[in-house]
Structure formats: structure tokens, C-alpha cells
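One structure is given below, encoded as C-alpha cells.
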Amino acid sequence: HWGRKGSLSTNDKPSQPTHSQRGSRQTIHTMTDILSIKDLSAKRENLVYMAKSAEVAERYEDMCKIMKLLVQWEGTSLSSDERNLLSVAYKNVIGMRRASCRTLKEYKNSEWLDQYKTLVEDELKDICKEILGLLNETLIPDVTNEIKKAKESEDANDKTVKDLQEALVFYLKMTGDYHRYLAEIFTNDKENVEAAQKTYKQALEIAEEHLIPTHPIRLGLALNFSVCYYEILKDQTKACELAKSAFDAAISKLDSIDEASYKDSTLIMQLLRDNLTLWTTAEATEDVDGGEDADA
């Protein structure tokens, strides 16, 4: 039971477990290993099918395991749909830990809780390191090489190069995101702050050159980079400037937005506008800690 100030009540002592409770503890901690399924990794399409199945079942830890195998599959790169599966898997797994860290951060009066916070933070760090390893060691180098080959090839068309640049922006945005997640928890680690800013900036430069203003990936990047400016870098002016610039550029091209991305693009535009409203209101009231900023 929690007290009104977030502390454990000294009168609430845990009851002793019954015999049946003691006997069930081992069962509670027995987790299904999806990678033990026979022939799961025999074919690439098996992994894609099971990743989608895990998403429907909301088994995001399983989904991460499958997508890690898919990323490491020799000789192939991820399609647009597969990139989205990768993003959904890790974002949901990390999202739970981020929420837990924010909640536990409020309670500072217990040695046990401090230890528990450390455990949750270590989980978050391990997940971030895993996806950052996939991005920096496999996904980004592979797509960078493909872009180089496509530019050197006489057979490559503009659409091929454009699709590859889109993939690169997607991966760089993800990289910035997970460095930002680390920076918001481990506030004394300046390396992640610098890495987030550098990667977001690189991604934005490529996006502004190769993606239209209403493209969901470009809009999502602008949204998350602006959140990084506001929450991590504590630069409210740049956060507002970036969010407003992205929103205005997209509004001016709204008539040309394609039907497939209309819903995603307009949703992110709404989030940009919501954040702008929140941030400018906070500036007027000098309350920079009010509310949680939306990101993509």
C-alpha cells in the first residue's frame, strides 16, 4: 500500500506466503521462449509471420527477439513494413520501462525502492544498447553501402535511391530516439545527449533533402528532435522553432499529401501543434515542467 506521499506504510507488512503460493513461484517466472519453436528461423518469411503474430498478441518481448533475428539475416535488408515492425517491437518494450522509471522516480525515501529503480533502469539500458547495436552495427552501415552502390550504378533509378534515403532517415531517427531515452534517465551521461543531438541533426539534413514536408518519417523526426531540444537540451526556443517550421512546411503542402500517409502525417502534425501550445503556454507561465511532451 502506498501512503499519500508515495511511501510504503510501516503498518502494512507483507503476509507470509501460503504453501500453494510458495509452490507457484517457480511457475510465475517460467517464460515462454519463442525462439524454441521448431524451424522458426528456417525461412525469412517465418520470422516476418511470427513477428506480426506476436504484435497482434501484444507479446512485444517475443517480437523483439524475432526482429533481431530478421535484422541479422544475411543478404537482405528490411522492407518498409519490416522497419515498422522493428520500431513497434522495441518502442513498446522500452515504453513500459520508461513509464516505470518516471513513476519510480517520484519515490526517494526507501533503500529498497532505490535498488528497484536501479534494476528497472538497467533493463532500459540493456534494451537501448541492444537496438542501438543493431542500428549502428548492421542497419545503418548496410543501407549506407546500398545508397553508395545505387549512386554508382547506372541501372539504379530515382525511386530506389529515394527509398534507401527514407530507410536511412528512419534508422537515424531511431538511433536518436534511443540515445534520448537513455539521456532522460541517466541525466549525468552527456555522451547520450550529444549522440542524440548529432544523430537527429544528421537525419534532419537528409530528410529535408530527400523527403517531402508531409512525409510521416520527416514529420516524426522533427517532432522527436524538438522534444529532445525541449526536454533534454533545455532549449525551448529551438524546440519551438523546429516544431513550428515542420508544421508550417507540412501545412503548405497538405493538398499534395498522398492518401496512404494522410492519417499518420496529420496525426503527427497535431502532436507538433499540441507540443507548441504546451511549450508556449509553459513559457508564458514560466512552468517548464508542466505535462508530458508527445513524441512519435
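Labels for the C-alpha cells follow display order: chains A, B, ..., residues from 1 in each chain, ligands from 1.
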
(Q) Residues within 9 Å of Glu61 of chain A, please, as a list in words. Count only C-alpha atoms; anything in the same chain fewer than 6 positions from it doesn't count. (A)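 Those residues are Ala54, Ala89, Tyr90, Asn92 and Val93 of chain A.
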
Can you pull out the residues contacting Ala167 of chain A? Cut-off 9 Å, using only C-alpha atoms, and skip same-chain residues under 5 positions away; I want them as a PDB file with all heavy atoms, in the first residue's frame.
```pdb
ATOM      1  N   LEU A  78      15.700  -4.746 -44.585  1.00  0.00           N
ATOM      2  CA  LEU A  78      14.308  -4.700 -44.149  1.00  0.00           C
ATOM      3  C   LEU A  78      13.465  -3.868 -45.106  1.00  0.00           C
ATOM      4  O   LEU A  78      13.894  -2.818 -45.581  1.00  0.00           O
ATOM      5  CB  LEU A  78      14.216  -4.093 -42.749  1.00  0.00           C
ATOM      6  CG  LEU A  78      14.938  -4.798 -41.609  1.00  0.00           C
ATOM      7  CD1 LEU A  78      14.604  -4.121 -40.279  1.00  0.00           C
ATOM      8  CD2 LEU A  78      14.579  -6.276 -41.532  1.00  0.00           C
ATOM      9  N   SER A  79      12.254  -4.352 -45.373  1.00  0.00           N
ATOM     10  CA  SER A  79      11.290  -3.579 -46.155  1.00  0.00           C
ATOM     11  C   SER A  79      10.698  -2.496 -45.258  1.00  0.00           C
ATOM     12  O   SER A  79      10.936  -2.470 -44.044  1.00  0.00           O
ATOM     13  CB  SER A  79      10.187  -4.487 -46.667  1.00  0.00           C
ATOM     14  OG  SER A  79       9.413  -4.991 -45.587  1.00  0.00           O
ATOM     15  N   SER A  80       9.884  -1.622 -45.839  1.00  0.00           N
ATOM     16  CA  SER A  80       9.238  -0.568 -45.060  1.00  0.00           C
ATOM     17  C   SER A  80       8.358  -1.161 -43.961  1.00  0.00           C
ATOM     18  O   SER A  80       8.391  -0.704 -42.809  1.00  0.00           O
ATOM     19  CB  SER A  80       8.393   0.316 -45.986  1.00  0.00           C
ATOM     20  OG  SER A  80       7.697   1.292 -45.245  1.00  0.00           O
ATOM     21  N   ARG A  83      10.570  -2.568 -41.212  1.00  0.00           N
ATOM     22  CA  ARG A  83      11.140  -1.494 -40.380  1.00  0.00           C
ATOM     23  C   ARG A  83      10.118  -1.041 -39.337  1.00  0.00           C
ATOM     24  O   ARG A  83      10.466  -0.798 -38.180  1.00  0.00           O
ATOM     25  CB  ARG A  83      11.551  -0.296 -41.249  1.00  0.00           C
ATOM     26  CG  ARG A  83      12.727  -0.546 -42.150  1.00  0.00           C
ATOM     27  CD  ARG A  83      13.345   0.748 -42.654  1.00  0.00           C
ATOM     28  NE  ARG A  83      12.427   1.580 -43.418  1.00  0.00           N
ATOM     29  CZ  ARG A  83      12.277   1.514 -44.736  1.00  0.00           C
ATOM     30  NH1 ARG A  83      12.973   0.632 -45.439  1.00  0.00           N
ATOM     31  NH2 ARG A  83      11.442   2.325 -45.358  1.00  0.00           N
ATOM     32  N   ILE A 140      22.312   0.684 -40.255  1.00  0.00           N
ATOM     33  CA  ILE A 140      22.806   1.930 -40.852  1.00  0.00           C
ATOM     34  C   ILE A 140      23.976   1.678 -41.810  1.00  0.00           C
ATOM     35  O   ILE A 140      23.975   2.209 -42.931  1.00  0.00           O
ATOM     36  CB  ILE A 140      23.174   2.952 -39.755  1.00  0.00           C
ATOM     37  CG1 ILE A 140      21.898   3.422 -39.036  1.00  0.00           C
ATOM     38  CG2 ILE A 140      23.925   4.148 -40.348  1.00  0.00           C
ATOM     39  CD1 ILE A 140      22.133   4.337 -37.856  1.00  0.00           C
ATOM     40  N   VAL A 143      22.498   0.060 -45.146  1.00  0.00           N
ATOM     41  CA  VAL A 143      21.751   0.953 -46.035  1.00  0.00           C
ATOM     42  C   VAL A 143      22.654   2.044 -46.602  1.00  0.00           C
ATOM     43  O   VAL A 143      22.479   2.486 -47.744  1.00  0.00           O
ATOM     44  CB  VAL A 143      20.514   1.560 -45.312  1.00  0.00           C
ATOM     45  CG1 VAL A 143      20.913   2.661 -44.350  1.00  0.00           C
ATOM     46  CG2 VAL A 143      19.502   2.081 -46.321  1.00  0.00           C
ATOM     47  N   LYS A 162      15.660   7.023 -53.459  1.00  0.00           N
ATOM     48  CA  LYS A 162      14.747   7.692 -52.530  1.00  0.00           C
ATOM     49  C   LYS A 162      14.311   6.749 -51.406  1.00  0.00           C
ATOM     50  O   LYS A 162      14.273   7.131 -50.239  1.00  0.00           O
ATOM     51  CB  LYS A 162      13.518   8.200 -53.282  1.00  0.00           C
ATOM     52  CG  LYS A 162      12.512   8.912 -52.398  1.00  0.00           C
ATOM     53  CD  LYS A 162      11.276   9.326 -53.187  1.00  0.00           C
ATOM     54  CE  LYS A 162      10.221   9.920 -52.270  1.00  0.00           C
ATOM     55  NZ  LYS A 162       8.970  10.253 -53.006  1.00  0.00           N
ATOM     56  N   LEU A 172      18.303   6.496 -38.542  1.00  0.00           N
ATOM     57  CA  LEU A 172      18.966   7.563 -37.793  1.00  0.00           C
ATOM     58  C   LEU A 172      18.017   8.166 -36.755  1.00  0.00           C
ATOM     59  O   LEU A 172      18.432   8.488 -35.636  1.00  0.00           O
ATOM     60  CB  LEU A 172      19.464   8.648 -38.750  1.00  0.00           C
ATOM     61  CG  LEU A 172      20.669   8.283 -39.630  1.00  0.00           C
ATOM     62  CD1 LEU A 172      20.908   9.348 -40.680  1.00  0.00           C
ATOM     63  CD2 LEU A 172      21.916   8.062 -38.782  1.00  0.00           C
TER      64      LEU A 172
END
```

Q) Pick from A:Asn84, A:Glu184, A:Trp73, A:Asp126: nearest to Ala99 of chain A, with only C-alpha atoms counted? A) A:Glu184

Q: Pick out the residues sitting within 9 Å of Asp177 of chain A, and hand them over as a list of chain:residue names; count only C-alpha atoms, and ignore anything fewer than 5 positions along from it in its own chain.
A: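 Result of the neighbour search: A:Leu172, A:Leu182, A:Ala196, A:Tyr200, A:Asn224, A:Phe225, A:Cys228.
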
Q: Can you work out which one of A:Tyr49, A:Phe170, A:Trp112, A:Tyr262 has the shortest atom-to-atom distance to Ala296 of chain A, counting only C-alpha atoms?
A: A:Phe170

Q: Between atom CA of Tyr171 of chain A and atom CA of Asn188 of chain A, measure the distance and give it in Å to one decimal.
A: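 Interatomic distance, atom CA of Tyr171 of chain A to atom CA of Asn188 of chain A: 25.5 Å.
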
Q: Rank nothing, just name the residue among A:Arg98, A:Met67, A:Ile217, A:Thr280 nearest to Cys240 of chain A, using only C-alpha atoms.
A: A:Thr280

Q.
Taking 3 positions as the minimum chain separation for residues in the same chain, which residues sit within 8 Å of Ile147 of chain A when counting only C-alpha atoms? Answer as a count of residues only.
A. 7

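For the atom pair formed by atom CA of Asp62 of chain A and atom CA of Ile131 of chain A, the distance is 14.2 Å, given to one decimal.
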
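If you measure from each of A:Lys244, A:Lys148, A:Lys68, A:Lys91 to Leu271 of chain A using only C-alpha atoms, the closest one turns out to be A:Lys244.
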
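The smallest atom-to-atom distance between Asn275 of chain A and any of A:Ala260, A:Ile94, A:Val227, A:Ile185, using only C-alpha atoms, is found for A:Val227.
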
Q | Non-local contacts of Phe247 of chain A (12 Å; only C-alpha atoms; under 6 positions in same chain excluded) as a list in words | A | Pro213, Thr214, His215, Pro216, Arg218, Leu219, Gly220, Leu221, Ala222, Leu223, Ser226, Cys240, Glu241, Lys253, Leu254, Ser265, Thr266, Leu267, Ile268, Met269, Gln270, Leu271, Leu272, Arg273, Asp274, Asn275 and Leu276 of chain A

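Pairwise distance (atom CA of Glu123 of chain A, atom CA of Ala203 of chain A) equals 27.2 Å.
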
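Distances here use only C-alpha atoms; by that measure, the residue among A:Lys108, A:Arg180, A:Lys201, A:Lys263 closest to Leu233 of chain A is A:Arg180.
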
Q: Please identify which residues in segment 31-255 of chain A DSSP calls helix (DSSP H, G or I) from the backbone, and express them as an MDAnalysis selection string.
A: chainID A and resid 34:36 44:56 60:71 80:104 111:152 158:185 190:210 216:232 236:252 254:255
